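**Student:** I am attaching a structure below and will ask some questions about it afterwards.
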Amino acid sequence: MKNTKLLGTAIAMMMFSSTAFAQLAPKGLGSDKDKHGCKASAGYTFSVIKNDCVRLFEQSIQLKEVDSKKSYTSNATIILSDDGQKAELFLPASEGSLILDKGASKKNTVYKKGKYTLTKVKKTYTLKLANKTVFKS
């Protein structure tokens, strides 16, 4: 009777500890897909313009933060639509992106949305927030 009781206690302890471990165990790499199927742990985020998962650090238009008082510099990323009419803006520490629309300017390429203005003069992109330059390539 003692052995049966000990065996039952041992089985109960094993079941409890395996359940507790399963609840505390972290998710595996790549199990953090968002609603679009993009894996953040692999560096992917969803691009509305590309309608696909992209790695922002692999995109060709990278803007550096200007006049930062921080000990590090942040980047913003731009993805242009195939027809050049829209620019998708990815800002650091923000969820998702912002789509800027191209305005009618003959000299420069200008994209706008709310208080954000993105201009391209020659090969240099400048992002302004309320007329203050915040990022530049």
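The chains in the structure tokens are called A, B, ... from first to last as shown; in each chain the residues are counted from 1, and the ligands are counted from 1 in the order shown.
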What lies within 10 Å of Gly43 in chain A using only C-alpha atoms, ignoring chain neighbours under 5 positions off, as a PyMOL selection string?
**Tutor:** chain A and resi 30+38+53-58
**Student:** Name all residues at most 10 Å from range 127-137 of chain A (count only C-alpha atoms; drop same-chain ones fewer than 4 positions away) and give them as a CSV table (one decimal) with N, CA and C atoms, in the first residue's frame.
**Tutor:**
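Saved file part.csv follows:
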```
chain,number,residue,atom,x,y,z
A,61,ILE,N,16.7,52.6,-48.8
A,61,ILE,CA,16.6,54.0,-48.3
A,61,ILE,C,16.5,54.0,-46.8
A,62,GLN,N,17.7,54.4,-46.2
A,62,GLN,CA,17.8,54.4,-44.8
A,62,GLN,C,18.1,55.9,-44.4
A,63,LEU,N,17.4,56.4,-43.4
A,63,LEU,CA,17.6,57.8,-43.0
A,63,LEU,C,18.1,57.8,-41.6
A,64,LYS,N,19.1,58.6,-41.3
A,64,LYS,CA,19.7,58.7,-40.0
A,64,LYS,C,19.0,59.9,-39.2
A,65,GLU,N,18.9,59.7,-37.9
A,65,GLU,CA,18.3,60.7,-37.0
A,65,GLU,C,19.3,61.9,-37.0
A,66,VAL,N,18.8,63.1,-37.0
A,66,VAL,CA,19.6,64.3,-36.9
A,66,VAL,C,19.4,65.0,-35.5
A,67,ASP,N,20.4,65.7,-35.0
A,67,ASP,CA,20.3,66.4,-33.8
A,67,ASP,C,19.8,65.6,-32.6
A,68,SER,N,20.2,64.4,-32.5
A,68,SER,CA,19.8,63.5,-31.4
A,68,SER,C,20.7,63.8,-30.2
A,74,SER,N,19.2,56.7,-34.2
A,74,SER,CA,18.1,55.8,-34.7
A,74,SER,C,18.0,56.0,-36.3
A,75,ASN,N,17.5,54.9,-36.9
A,75,ASN,CA,17.2,55.0,-38.3
A,75,ASN,C,15.7,54.9,-38.6
A,76,ALA,N,15.3,55.6,-39.7
A,76,ALA,CA,14.0,55.4,-40.3
A,76,ALA,C,14.2,54.8,-41.6
A,77,THR,N,13.2,54.0,-42.1
A,77,THR,CA,13.3,53.4,-43.4
A,77,THR,C,12.2,53.8,-44.3
A,78,ILE,N,12.5,53.9,-45.6
A,78,ILE,CA,11.5,54.3,-46.6
A,78,ILE,C,11.5,53.2,-47.6
A,89,LEU,N,6.8,54.8,-44.7
A,89,LEU,CA,7.7,55.3,-43.7
A,89,LEU,C,7.7,54.4,-42.4
A,91,LEU,N,9.2,54.3,-38.8
A,91,LEU,CA,10.0,55.0,-37.7
A,91,LEU,C,10.4,54.1,-36.6
A,110,VAL,N,8.3,65.2,-53.4
A,110,VAL,CA,7.7,65.5,-52.1
A,110,VAL,C,6.6,64.5,-51.8
A,111,TYR,N,6.7,63.9,-50.6
A,111,TYR,CA,5.6,63.0,-50.1
A,111,TYR,C,5.1,63.6,-48.8
A,112,LYS,N,3.8,63.5,-48.5
A,112,LYS,CA,3.3,64.1,-47.3
A,112,LYS,C,2.2,63.2,-46.7
A,113,LYS,N,2.1,63.3,-45.4
A,113,LYS,CA,1.0,62.7,-44.6
A,113,LYS,C,1.0,63.4,-43.2
A,114,GLY,N,-0.1,64.1,-42.9
A,114,GLY,CA,-0.2,64.8,-41.7
A,114,GLY,C,0.9,65.8,-41.5
A,115,LYS,N,1.7,65.7,-40.4
A,115,LYS,CA,2.8,66.6,-40.1
A,115,LYS,C,4.1,66.2,-40.7
A,116,TYR,N,4.1,65.0,-41.4
A,116,TYR,CA,5.3,64.5,-42.0
A,116,TYR,C,5.5,64.9,-43.4
A,117,THR,N,6.7,65.3,-43.8
A,117,THR,CA,7.0,65.7,-45.2
A,117,THR,C,8.3,65.0,-45.5
A,118,LEU,N,8.4,64.2,-46.6
A,118,LEU,CA,9.6,63.6,-47.1
A,118,LEU,C,9.9,64.2,-48.4
A,119,THR,N,11.1,64.7,-48.5
A,119,THR,CA,11.6,65.3,-49.8
A,119,THR,C,12.8,64.6,-50.3
A,120,LYS,N,13.0,64.5,-51.6
A,120,LYS,CA,14.2,64.0,-52.2
A,120,LYS,C,14.7,65.1,-53.1
A,123,LYS,N,20.0,63.0,-54.6
A,123,LYS,CA,20.0,61.7,-54.0
A,123,LYS,C,19.8,61.7,-52.5
```
**Student:** Report the distance between CA of Asp52 in chain A and CA of Ala93 in chain A in Å, rounded to one decimal place.
**Tutor:** 20.3 Å
**Student:** Work out how far apart CA of Thr126 in chain A and CA of Ala87 in chain A are and give it in Å to one decimal.
**Tutor:**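 For CA of Thr126 in chain A relative to CA of Ala87 in chain A, the distance reads 12.6 Å.
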**Student:** Let me make sure I understand: among A:Ser97, A:Lys86, A:Ser47, A:Pro92, which one has the smallest atom-to-atom distance to Thr109 in chain A if we use only C-alpha atoms?
**Tutor:**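 Comparing A:Ser97, A:Lys86, A:Ser47, A:Pro92 against Thr109 in chain A, the winner is A:Lys86.
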**Student:** Using only C-alpha atoms for the distances, tell me which of A:Phe46, A:Asn51, A:Val121, A:Gln59 is nearest to Asp34 in chain A.
**Tutor:**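 Under the stated criterion, the closest residue is A:Phe46.
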**Student:** Any idea what the distance is between CA of Asp82 in chain A and CA of Ala40 in chain A?
**Tutor:** 25.0 Å
